[in-house]
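Structure below is query-v4.pdb: PDB, C-alpha atoms.
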MODEL        1
ATOM      1  CA  MET Y   1       0.955  -5.093 -34.023
ATOM      2  CA  ALA Y   2       1.808  -8.006 -31.778
ATOM      3  CA  ALA Y   3       3.370  -7.287 -28.412
ATOM      4  CA  PRO Y   4       7.074  -8.101 -28.219
ATOM      5  CA  ALA Y   5       7.863 -11.400 -26.563
ATOM      6  CA  VAL Y   6       9.391 -11.234 -23.121
ATOM      7  CA  GLY Y   7      11.917 -13.958 -22.498
ATOM      8  CA  PRO Y   8      12.669 -15.505 -19.118
ATOM      9  CA  ASP Y   9      15.876 -13.504 -18.790
ATOM     10  CA  ALA Y  10      14.354 -10.172 -19.717
ATOM     11  CA  VAL Y  11      14.355  -7.398 -17.122
ATOM     12  CA  VAL Y  12      10.897  -5.889 -16.729
ATOM     13  CA  GLU Y  13      10.865  -2.496 -15.005
ATOM     14  CA  ARG Y  14       8.230  -2.422 -12.286
ATOM     15  CA  ARG Y  15       7.230   1.189 -11.842
ATOM     16  CA  LEU Y  16       4.003   2.916 -11.009
ATOM     17  CA  PRO Y  17       2.199   4.321 -14.071
ATOM     18  CA  THR Y  18       2.986   7.906 -14.957
ATOM     19  CA  SER Y  19      -0.508   9.282 -14.382
ATOM     20  CA  GLY Y  20      -0.930  10.626 -10.856
ATOM     21  CA  LEU Y  21      -4.580   9.536 -10.875
ATOM     22  CA  LEU Y  22      -3.690   5.958 -11.790
ATOM     23  CA  GLN Y  23      -1.028   5.879  -9.105
ATOM     24  CA  LEU Y  24      -3.500   6.992  -6.435
ATOM     25  CA  ILE Y  25      -6.135   4.503  -7.618
ATOM     26  CA  TRP Y  26      -3.504   1.787  -7.267
ATOM     27  CA  LEU Y  27      -2.569   2.928  -3.760
ATOM     28  CA  ALA Y  28      -6.242   3.017  -2.698
ATOM     29  CA  SER Y  29      -7.021  -0.437  -4.057
ATOM     30  CA  PRO Y  30      -8.063  -3.100  -1.498
ATOM     31  CA  ALA Y  31      -6.038  -5.501  -3.663
ATOM     32  CA  LEU Y  32      -2.782  -3.800  -2.637
ATOM     33  CA  PRO Y  33      -0.954  -6.501  -0.644
ATOM     34  CA  ILE Y  34      -0.680  -4.621   2.648
ATOM     35  CA  GLY Y  35      -3.406  -6.406   4.620
ATOM     36  CA  GLY Y  36      -5.998  -3.649   4.962
ATOM     37  CA  PHE Y  37      -8.827  -6.075   4.211
ATOM     38  CA  SER Y  38      -8.094  -8.033   7.403
ATOM     39  CA  TYR Y  39      -8.971  -5.166   9.785
ATOM     40  CA  SER Y  40     -12.288  -3.629  10.797
ATOM     41  CA  GLU Y  41     -10.809  -0.908  13.079
ATOM     42  CA  GLY Y  42     -13.311  -1.516  15.852
ATOM     43  CA  LEU Y  43     -16.333  -1.901  13.557
ATOM     44  CA  GLU Y  44     -16.679  -5.622  14.242
ATOM     45  CA  ALA Y  45     -16.787  -4.933  17.980
ATOM     46  CA  ALA Y  46     -19.280  -2.110  17.406
ATOM     47  CA  ILE Y  47     -21.499  -4.554  15.550
ATOM     48  CA  ASP Y  48     -21.129  -7.197  18.276
ATOM     49  CA  ARG Y  49     -21.407  -4.941  21.340
ATOM     50  CA  GLY Y  50     -22.529  -1.493  20.272
ATOM     51  CA  GLY Y  51     -25.759  -2.134  18.398
ATOM     52  CA  VAL Y  52     -24.425  -1.094  14.994
ATOM     53  CA  ASP Y  53     -26.721  -3.562  13.259
ATOM     54  CA  SER Y  54     -28.230  -1.909  10.189
ATOM     55  CA  GLU Y  55     -27.252  -0.083   7.020
ATOM     56  CA  ALA Y  56     -28.192   3.275   8.528
ATOM     57  CA  LYS Y  57     -26.244   2.672  11.733
ATOM     58  CA  VAL Y  58     -23.150   1.410   9.910
ATOM     59  CA  CYS Y  59     -23.244   4.463   7.643
ATOM     60  CA  ALA Y  60     -23.583   6.840  10.593
ATOM     61  CA  TRP Y  61     -20.795   5.073  12.500
ATOM     62  CA  LEU Y  62     -18.349   5.221   9.603
ATOM     63  CA  LEU Y  63     -19.172   8.847   8.804
ATOM     64  CA  GLU Y  64     -18.436   9.776  12.411
ATOM     65  CA  GLN Y  65     -15.220   7.759  12.363
ATOM     66  CA  LEU Y  66     -14.166   9.512   9.151
ATOM     67  CA  ARG Y  67     -14.852  12.979  10.544
ATOM     68  CA  LEU Y  68     -13.775  12.529  14.164
ATOM     69  CA  THR Y  69     -10.744  10.242  13.882
ATOM     70  CA  LEU Y  70      -9.365  10.064  10.342
ATOM     71  CA  ALA Y  71      -9.762  13.770   9.628
ATOM     72  CA  ARG Y  72      -8.035  14.855  12.839
ATOM     73  CA  ALA Y  73      -5.377  12.155  13.014
ATOM     74  CA  GLU Y  74      -4.373   9.904  10.092
ATOM     75  CA  LEU Y  75      -5.343  12.282   7.283
ATOM     76  CA  ALA Y  76      -3.777  15.249   9.055
ATOM     77  CA  VAL Y  77      -0.560  13.236   9.395
ATOM     78  CA  VAL Y  78      -0.604  12.194   5.731
ATOM     79  CA  ALA Y  79      -1.045  15.845   4.730
ATOM     80  CA  LYS Y  80       2.115  16.854   6.620
ATOM     81  CA  ALA Y  81       4.049  13.717   5.741
ATOM     82  CA  VAL Y  82       3.607  13.970   1.965
ATOM     83  CA  ALA Y  83       5.218  17.409   2.077
ATOM     84  CA  ALA Y  84       7.955  16.198   4.441
ATOM     85  CA  TRP Y  85       8.861  13.276   2.172
ATOM     86  CA  ARG Y  86       8.915  15.513  -0.905
ATOM     87  CA  GLU Y  87      11.199  17.958   0.876
ATOM     88  CA  ARG Y  88      13.337  15.097   2.276
ATOM     89  CA  ASP Y  89      12.721  16.447   5.779
ATOM     90  CA  LEU Y  90      13.414  13.163   7.532
ATOM     91  CA  ASP Y  91      13.365  14.688  11.015
ATOM     92  CA  ALA Y  92       9.770  15.788  10.411
ATOM     93  CA  VAL Y  93       8.943  12.324   9.077
ATOM     94  CA  LYS Y  94      10.257  10.719  12.267
ATOM     95  CA  ARG Y  95       8.334  13.129  14.495
ATOM     96  CA  LEU Y  96       5.105  12.411  12.642
ATOM     97  CA  ASN Y  97       5.697   8.680  12.801
ATOM     98  CA  ASP Y  98       6.355   8.848  16.540
ATOM     99  CA  TRP Y  99       3.102  10.769  16.995
ATOM    100  CA  VAL Y 100       1.114   8.087  15.179
ATOM    101  CA  LEU Y 101       2.632   5.242  17.207
ATOM    102  CA  GLN Y 102       2.174   7.081  20.497
ATOM    103  CA  THR Y 103      -1.499   7.820  19.832
ATOM    104  CA  ARG Y 104      -2.681   4.293  19.036
ATOM    105  CA  GLU Y 105      -5.106   3.632  21.868
ATOM    106  CA  SER Y 106      -5.096  -0.175  21.820
ATOM    107  CA  SER Y 107      -2.577  -2.878  21.027
ATOM    108  CA  GLU Y 108      -4.692  -3.860  17.991
ATOM    109  CA  PHE Y 109      -4.520  -0.369  16.521
ATOM    110  CA  ARG Y 110      -0.758  -0.221  17.158
ATOM    111  CA  LEU Y 111      -0.164  -3.617  15.529
ATOM    112  CA  GLN Y 112      -2.344  -2.679  12.555
ATOM    113  CA  THR Y 113      -0.523   0.530  11.699
ATOM    114  CA  GLU Y 114       2.883  -1.162  12.137
ATOM    115  CA  GLN Y 115       1.960  -4.194  10.007
ATOM    116  CA  MET Y 116       0.411  -2.142   7.204
ATOM    117  CA  GLY Y 117       3.261   0.369   7.302
ATOM    118  CA  ARG Y 118       5.872  -2.361   7.094
ATOM    119  CA  SER Y 119       4.002  -4.069   4.233
ATOM    120  CA  MET Y 120       3.670  -0.792   2.306
ATOM    121  CA  MET Y 121       7.405  -0.186   2.595
ATOM    122  CA  ASP Y 122       8.088  -3.739   1.397
ATOM    123  CA  TRP Y 123       5.779  -3.149  -1.566
ATOM    124  CA  LEU Y 124       7.529   0.098  -2.437
ATOM    125  CA  ARG Y 125      10.943  -1.577  -2.360
ATOM    126  CA  ASN Y 126       9.611  -4.290  -4.668
ATOM    127  CA  GLN Y 127       8.183  -1.730  -7.080
ATOM    128  CA  HIS Y 128      11.397   0.319  -7.142
ATOM    129  CA  GLN Y 129      14.048  -2.366  -7.117
ATOM    130  CA  GLY Y 130      17.548  -0.977  -7.484
ATOM    131  CA  ASP Y 131      16.590   2.533  -6.306
ATOM    132  CA  ALA Y 132      19.069   2.977  -3.453
ATOM    133  CA  ALA Y 133      17.754   6.418  -2.464
ATOM    134  CA  LEU Y 134      14.178   5.188  -2.123
ATOM    135  CA  ASP Y 135      15.339   2.066  -0.308
ATOM    136  CA  ALA Y 136      17.041   4.283   2.263
ATOM    137  CA  MET Y 137      13.908   6.410   2.633
ATOM    138  CA  THR Y 138      11.756   3.362   3.327
ATOM    139  CA  ARG Y 139      14.070   2.575   6.241
ATOM    140  CA  THR Y 140      13.941   6.064   7.792
ATOM    141  CA  CYS Y 141      11.748   4.825  10.643
ATOM    142  CA  ALA Y 142      12.523   1.597  12.487
ATOM    143  CA  SER Y 143       8.792   0.885  12.744
ATOM    144  CA  PRO Y 144       7.009   2.855  10.019
ATOM    145  CA  SER Y 145       3.319   3.502  10.603
ATOM    146  CA  TYR Y 146       0.846   3.128   7.758
ATOM    147  CA  PRO Y 147       0.075   6.865   7.307
ATOM    148  CA  LEU Y 148       3.793   7.614   6.939
ATOM    149  CA  ALA Y 149       4.351   4.716   4.531
ATOM    150  CA  PHE Y 150       1.326   5.691   2.433
ATOM    151  CA  ALA Y 151       2.525   9.307   2.389
ATOM    152  CA  LEU Y 152       5.897   8.191   1.011
ATOM    153  CA  ALA Y 153       4.182   6.282  -1.807
ATOM    154  CA  ALA Y 154       1.897   9.236  -2.531
ATOM    155  CA  SER Y 155       4.826  11.679  -2.468
ATOM    156  CA  LEU Y 156       6.356   9.841  -5.436
ATOM    157  CA  THR Y 157       3.385  10.785  -7.612
ATOM    158  CA  ASP Y 158       2.651  14.098  -9.279
ATOM    159  CA  ALA Y 159      -0.780  14.250  -7.627
ATOM    160  CA  ASP Y 160      -1.809  17.228  -5.540
ATOM    161  CA  LEU Y 161      -2.175  16.929  -1.780
ATOM    162  CA  ARG Y 162      -5.979  16.921  -1.682
ATOM    163  CA  ASP Y 163      -6.096  13.962  -4.089
ATOM    164  CA  CYS Y 164      -3.474  12.100  -2.030
ATOM    165  CA  LEU Y 165      -5.681  12.423   1.044
ATOM    166  CA  GLY Y 166      -8.750  11.456  -0.955
ATOM    167  CA  SER Y 167      -6.990   8.266  -2.045
ATOM    168  CA  PHE Y 168      -6.051   7.366   1.542
ATOM    169  CA  ALA Y 169      -9.588   8.036   2.794
ATOM    170  CA  PHE Y 170     -11.301   6.149  -0.034
ATOM    171  CA  GLY Y 171      -9.046   3.128   0.493
ATOM    172  CA  TRP Y 172     -10.036   3.176   4.160
ATOM    173  CA  ALA Y 173     -13.721   3.542   3.239
ATOM    174  CA  GLU Y 174     -13.652   0.557   0.882
ATOM    175  CA  ASN Y 175     -12.041  -1.651   3.512
ATOM    176  CA  MET Y 176     -14.519  -0.576   6.189
ATOM    177  CA  VAL Y 177     -17.534  -1.107   3.949
ATOM    178  CA  GLN Y 178     -16.343  -4.571   3.002
ATOM    179  CA  ALA Y 179     -15.851  -5.359   6.692
ATOM    180  CA  ALA Y 180     -19.456  -4.298   7.356
ATOM    181  CA  VAL Y 181     -20.780  -6.372   4.463
ATOM    182  CA  LYS Y 182     -18.963  -9.438   5.778
ATOM    183  CA  ALA Y 183     -19.931  -8.924   9.423
ATOM    184  CA  LEU Y 184     -23.610  -8.128   8.811
ATOM    185  CA  PRO Y 185     -26.145  -9.456   6.299
ATOM    186  CA  LEU Y 186     -26.175  -6.129   4.434
ATOM    187  CA  GLY Y 187     -25.552  -7.142   0.836
ATOM    188  CA  GLN Y 188     -23.395  -5.479  -1.784
ATOM    189  CA  SER Y 189     -26.016  -2.891  -2.791
ATOM    190  CA  ALA Y 190     -26.256  -1.597   0.779
ATOM    191  CA  GLY Y 191     -22.482  -1.519   0.927
ATOM    192  CA  GLN Y 192     -22.354   0.610  -2.209
ATOM    193  CA  ARG Y 193     -24.896   3.042  -0.765
ATOM    194  CA  ILE Y 194     -22.757   3.426   2.360
ATOM    195  CA  LEU Y 195     -19.628   3.890   0.254
ATOM    196  CA  ALA Y 196     -21.386   6.594  -1.762
ATOM    197  CA  GLN Y 197     -22.126   8.555   1.425
ATOM    198  CA  LEU Y 198     -18.525   8.237   2.585
ATOM    199  CA  ALA Y 199     -17.237   9.333  -0.828
ATOM    200  CA  LEU Y 200     -19.402  12.461  -0.681
ATOM    201  CA  ALA Y 201     -17.898  13.385   2.696
ATOM    202  CA  ILE Y 202     -14.252  12.768   1.795
ATOM    203  CA  PRO Y 203     -13.437  16.040  -0.067
ATOM    204  CA  GLU Y 204     -14.569  18.197   2.848
ATOM    205  CA  VAL Y 205     -12.753  15.964   5.339
ATOM    206  CA  ALA Y 206      -9.557  16.138   3.273
ATOM    207  CA  GLY Y 207      -9.740  19.927   3.202
ATOM    208  CA  HIS Y 208     -10.187  20.027   6.972
ATOM    209  CA  ALA Y 209      -7.161  17.755   7.491
ATOM    210  CA  ILE Y 210      -4.951  19.878   5.243
ATOM    211  CA  ALA Y 211      -5.893  23.035   7.148
ATOM    212  CA  LEU Y 212      -5.134  21.581  10.593
ATOM    213  CA  PRO Y 213      -2.011  23.011  12.257
ATOM    214  CA  ASP Y 214       0.388  20.664  14.042
ATOM    215  CA  ASP Y 215      -1.149  21.423  17.423
ATOM    216  CA  GLY Y 216      -4.624  20.768  16.015
ATOM    217  CA  ARG Y 217      -4.039  17.061  15.447
ATOM    218  CA  GLN Y 218      -5.673  14.775  17.966
ATOM    219  CA  CYS Y 219      -6.568  11.148  18.487
ATOM    220  CA  PHE Y 220      -9.400  11.107  20.996
ATOM    221  CA  ALA Y 221     -12.212   8.621  20.402
ATOM    222  CA  PRO Y 222     -12.874   6.916  23.753
ATOM    223  CA  MET Y 223     -15.680   4.617  22.586
ATOM    224  CA  LEU Y 224     -13.650   3.438  19.602
ATOM    225  CA  ALA Y 225     -10.677   2.716  21.862
ATOM    226  CA  ILE Y 226     -12.864   0.778  24.320
ATOM    227  CA  LEU Y 227     -14.424  -1.290  21.531
ATOM    228  CA  SER Y 228     -10.994  -2.009  20.071
ATOM    229  CA  ALA Y 229      -9.749  -3.222  23.465
ATOM    230  CA  GLN Y 230     -12.866  -5.377  23.875
ATOM    231  CA  HIS Y 231     -12.352  -6.820  20.404
ATOM    232  CA  GLU Y 232      -9.020  -8.279  21.516
ATOM    233  CA  THR Y 233     -10.911 -10.837  23.627
ATOM    234  CA  GLN Y 234     -14.093 -11.090  21.533
ATOM    235  CA  TYR Y 235     -15.208 -14.723  21.433
ATOM    236  CA  SER Y 236     -15.866 -15.001  17.708
ATOM    237  CA  ARG Y 237     -14.409 -12.616  15.158
ATOM    238  CA  LEU Y 238     -13.507 -12.316  11.483
ATOM    239  CA  PHE Y 239     -11.031  -9.438  11.628
ATOM    240  CA  ARG Y 240      -7.732  -8.621  13.315
ATOM    241  CA  SER Y 241      -9.037  -5.360  14.783
TER     242      SER Y 241
ENDMDL
END

The structure given in the file should be rewritten as structure tokens.
Amino acid sequence: MAAPAVGPDAVVERRLPTSGLLQLIWLASPALPIGGFSYSEGLEAAIDRGGVDSEAKVCAWLLEQLRLTLARAELAVVAKAVAAWRERDLDAVKRLNDWVLQTRESSEFRLQTEQMGRSMMDWLRNQHQGDAALDAMTRTCASPSYPLAFALAASLTDADLRDCLGSFAFGWAENMVQAAVKALPLGQSAGQRILAQLALAIPEVAGHAIALPDDGRQCFAPMLAILSAQHETQYSRLFRS
């Protein structure tokens, strides 16, 4: 049967698909227009200044970043924020957002989370045009950080919390691997091997983040912060962080 024609005046509802898995795949996609592909989160500086110059070293670096920073900071925030959005606890949302902004250790990291958060909220408003309640939620924070914006999008799905965190972490992993492939002569096959190692680590990391109490969150990665600050004045660079 032929698909019905859609005229120029037809109203096409733009909603996320009903399957929670499909929704999370969409949110994790590097093609989502929020700018994640333009950041290396200190990796480019690590390659330039820190001797991260091989497949093995890139893999080790990203595994440590996943376990030491994402697990204890961004993923832990997403875990709390998904529940807060679903419960409409906007005071908790604001507290979590403030924590993220206050713990960015360089101007690049602060600008990244603000830009990606703002873009995610714009994307959500575009996907849910005419939804006044959601529109108001996207404006809860004057400067929404990316973990809080992602958590709002994930909270609209029927996916469980562990899968929401897995989606966030895998989206990060894909962006980081592509940054490494572009910054080093690794090749796509090496990139896929690195991504496979990150994917294996994500379930355990997600479980750790979910179990963290509020006072267990931390953002303490001195070398990453130093490299990010150095990247701001790096002579030649491909990425915004």

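Proximity of Y:Leu66, Y:Ala183, Y:Ile194, Y:Glu74 to Y:Ala46, computed with all atoms listed in the file, is greatest for Y:Ala183.
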
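Between Y:Met223 and the residues Y:Met116, Y:Ser54, Y:Ser38, Y:Trp61, the shortest atom-to-atom distance, using only C-alpha atoms, involves Y:Trp61.
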
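Proximity of Y:Glu204, Y:Phe170, Y:Cys164, Y:Gly42 to Y:Ser106, computed with only C-alpha atoms, is greatest for Y:Gly42.
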
Item to check | Result set, the PyMOL selection byres ((chain Y and resi 82) around 12) on current file, as an MDAnalysis selection string | outcome: chainID Y and resid 75:81 83:90 92:93 96 147:165 168 210

Next on the checklist: Under the rule that only C-alpha atoms are counted, which of Y:Cys141, Y:Met120, Y:Val58, Y:Ala209 is the nearest residue to Y:Leu186?
Outcome noted: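 Of Y:Cys141, Y:Met120, Y:Val58, Y:Ala209, the one nearest Y:Leu186, counting only C-alpha atoms, is Y:Val58.
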
Can you spell out as a compact mmCIF listing (two decimals) with C-alpha atoms, in the frame of the given file the set of residues that the PyMOL selection byres ((chain Y and resi 121-128) around 10) selects in the structure I just provided?
# COMPACT_ATOMS: atom_id res chain seq x y z
CA GLU Y 13 10.86 -2.50 -15.00
CA ARG Y 14 8.23 -2.42 -12.29
CA ARG Y 15 7.23 1.19 -11.84
CA LEU Y 16 4.00 2.92 -11.01
CA LEU Y 32 -2.78 -3.80 -2.64
CA PRO Y 33 -0.95 -6.50 -0.64
CA ILE Y 34 -0.68 -4.62 2.65
CA MET Y 116 0.41 -2.14 7.20
CA GLY Y 117 3.26 0.37 7.30
CA ARG Y 118 5.87 -2.36 7.09
CA SER Y 119 4.00 -4.07 4.23
CA MET Y 120 3.67 -0.79 2.31
CA GLN Y 129 14.05 -2.37 -7.12
CA GLY Y 130 17.55 -0.98 -7.48
CA ASP Y 131 16.59 2.53 -6.31
CA ALA Y 132 19.07 2.98 -3.45
CA ALA Y 133 17.75 6.42 -2.46
CA LEU Y 134 14.18 5.19 -2.12
CA ASP Y 135 15.34 2.07 -0.31
CA ALA Y 136 17.04 4.28 2.26
CA MET Y 137 13.91 6.41 2.63
CA THR Y 138 11.76 3.36 3.33
CA ARG Y 139 14.07 2.58 6.24
CA PRO Y 144 7.01 2.86 10.02
CA SER Y 145 3.32 3.50 10.60
CA TYR Y 146 0.85 3.13 7.76
CA LEU Y 148 3.79 7.61 6.94
CA ALA Y 149 4.35 4.72 4.53
CA PHE Y 150 1.33 5.69 2.43
CA LEU Y 152 5.90 8.19 1.01
CA ALA Y 153 4.18 6.28 -1.81

Using the atoms already present, construct N, CA and C atoms for stretch 192-204 of chain Y and hand them back as a PDB file, in the frame of the given file.
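Saved as out-v1.pdb:
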ATOM      1  N   GLN Y 192     -22.629  -0.453  -1.246  1.00  0.00           N
ATOM      2  CA  GLN Y 192     -22.354   0.610  -2.209  1.00  0.00           C
ATOM      3  C   GLN Y 192     -23.043   1.915  -1.820  1.00  0.00           C
ATOM      4  N   ARG Y 193     -24.221   1.818  -1.222  1.00  0.00           N
ATOM      5  CA  ARG Y 193     -24.896   3.042  -0.765  1.00  0.00           C
ATOM      6  C   ARG Y 193     -24.109   3.704   0.362  1.00  0.00           C
ATOM      7  N   ILE Y 194     -23.578   2.883   1.273  1.00  0.00           N
ATOM      8  CA  ILE Y 194     -22.757   3.426   2.360  1.00  0.00           C
ATOM      9  C   ILE Y 194     -21.486   4.063   1.791  1.00  0.00           C
ATOM     10  N   LEU Y 195     -20.861   3.374   0.849  1.00  0.00           N
ATOM     11  CA  LEU Y 195     -19.628   3.890   0.254  1.00  0.00           C
ATOM     12  C   LEU Y 195     -19.891   5.217  -0.454  1.00  0.00           C
ATOM     13  N   ALA Y 196     -21.048   5.348  -1.085  1.00  0.00           N
ATOM     14  CA  ALA Y 196     -21.386   6.594  -1.762  1.00  0.00           C
ATOM     15  C   ALA Y 196     -21.468   7.747  -0.766  1.00  0.00           C
ATOM     16  N   GLN Y 197     -22.039   7.509   0.408  1.00  0.00           N
ATOM     17  CA  GLN Y 197     -22.126   8.555   1.425  1.00  0.00           C
ATOM     18  C   GLN Y 197     -20.748   8.935   1.946  1.00  0.00           C
ATOM     19  N   LEU Y 198     -19.890   7.949   2.135  1.00  0.00           N
ATOM     20  CA  LEU Y 198     -18.525   8.237   2.585  1.00  0.00           C
ATOM     21  C   LEU Y 198     -17.767   9.029   1.522  1.00  0.00           C
ATOM     22  N   ALA Y 199     -17.934   8.640   0.257  1.00  0.00           N
ATOM     23  CA  ALA Y 199     -17.237   9.333  -0.828  1.00  0.00           C
ATOM     24  C   ALA Y 199     -17.655  10.795  -0.902  1.00  0.00           C
ATOM     25  N   LEU Y 200     -18.931  11.075  -0.661  1.00  0.00           N
ATOM     26  CA  LEU Y 200     -19.402  12.461  -0.681  1.00  0.00           C
ATOM     27  C   LEU Y 200     -18.757  13.300   0.423  1.00  0.00           C
ATOM     28  N   ALA Y 201     -18.457  12.655   1.549  1.00  0.00           N
ATOM     29  CA  ALA Y 201     -17.898  13.385   2.696  1.00  0.00           C
ATOM     30  C   ALA Y 201     -16.389  13.574   2.596  1.00  0.00           C
ATOM     31  N   ILE Y 202     -15.717  12.775   1.800  1.00  0.00           N
ATOM     32  CA  ILE Y 202     -14.252  12.768   1.795  1.00  0.00           C
ATOM     33  C   ILE Y 202     -13.627  14.099   1.369  1.00  0.00           C
ATOM     34  N   PRO Y 203     -14.089  14.780   0.317  1.00  0.00           N
ATOM     35  CA  PRO Y 203     -13.437  16.040  -0.067  1.00  0.00           C
ATOM     36  C   PRO Y 203     -13.418  17.078   1.055  1.00  0.00           C
ATOM     37  N   GLU Y 204     -14.529  17.232   1.747  1.00  0.00           N
ATOM     38  CA  GLU Y 204     -14.569  18.197   2.848  1.00  0.00           C
ATOM     39  C   GLU Y 204     -13.634  17.777   3.979  1.00  0.00           C
TER      40      GLU Y 204
END
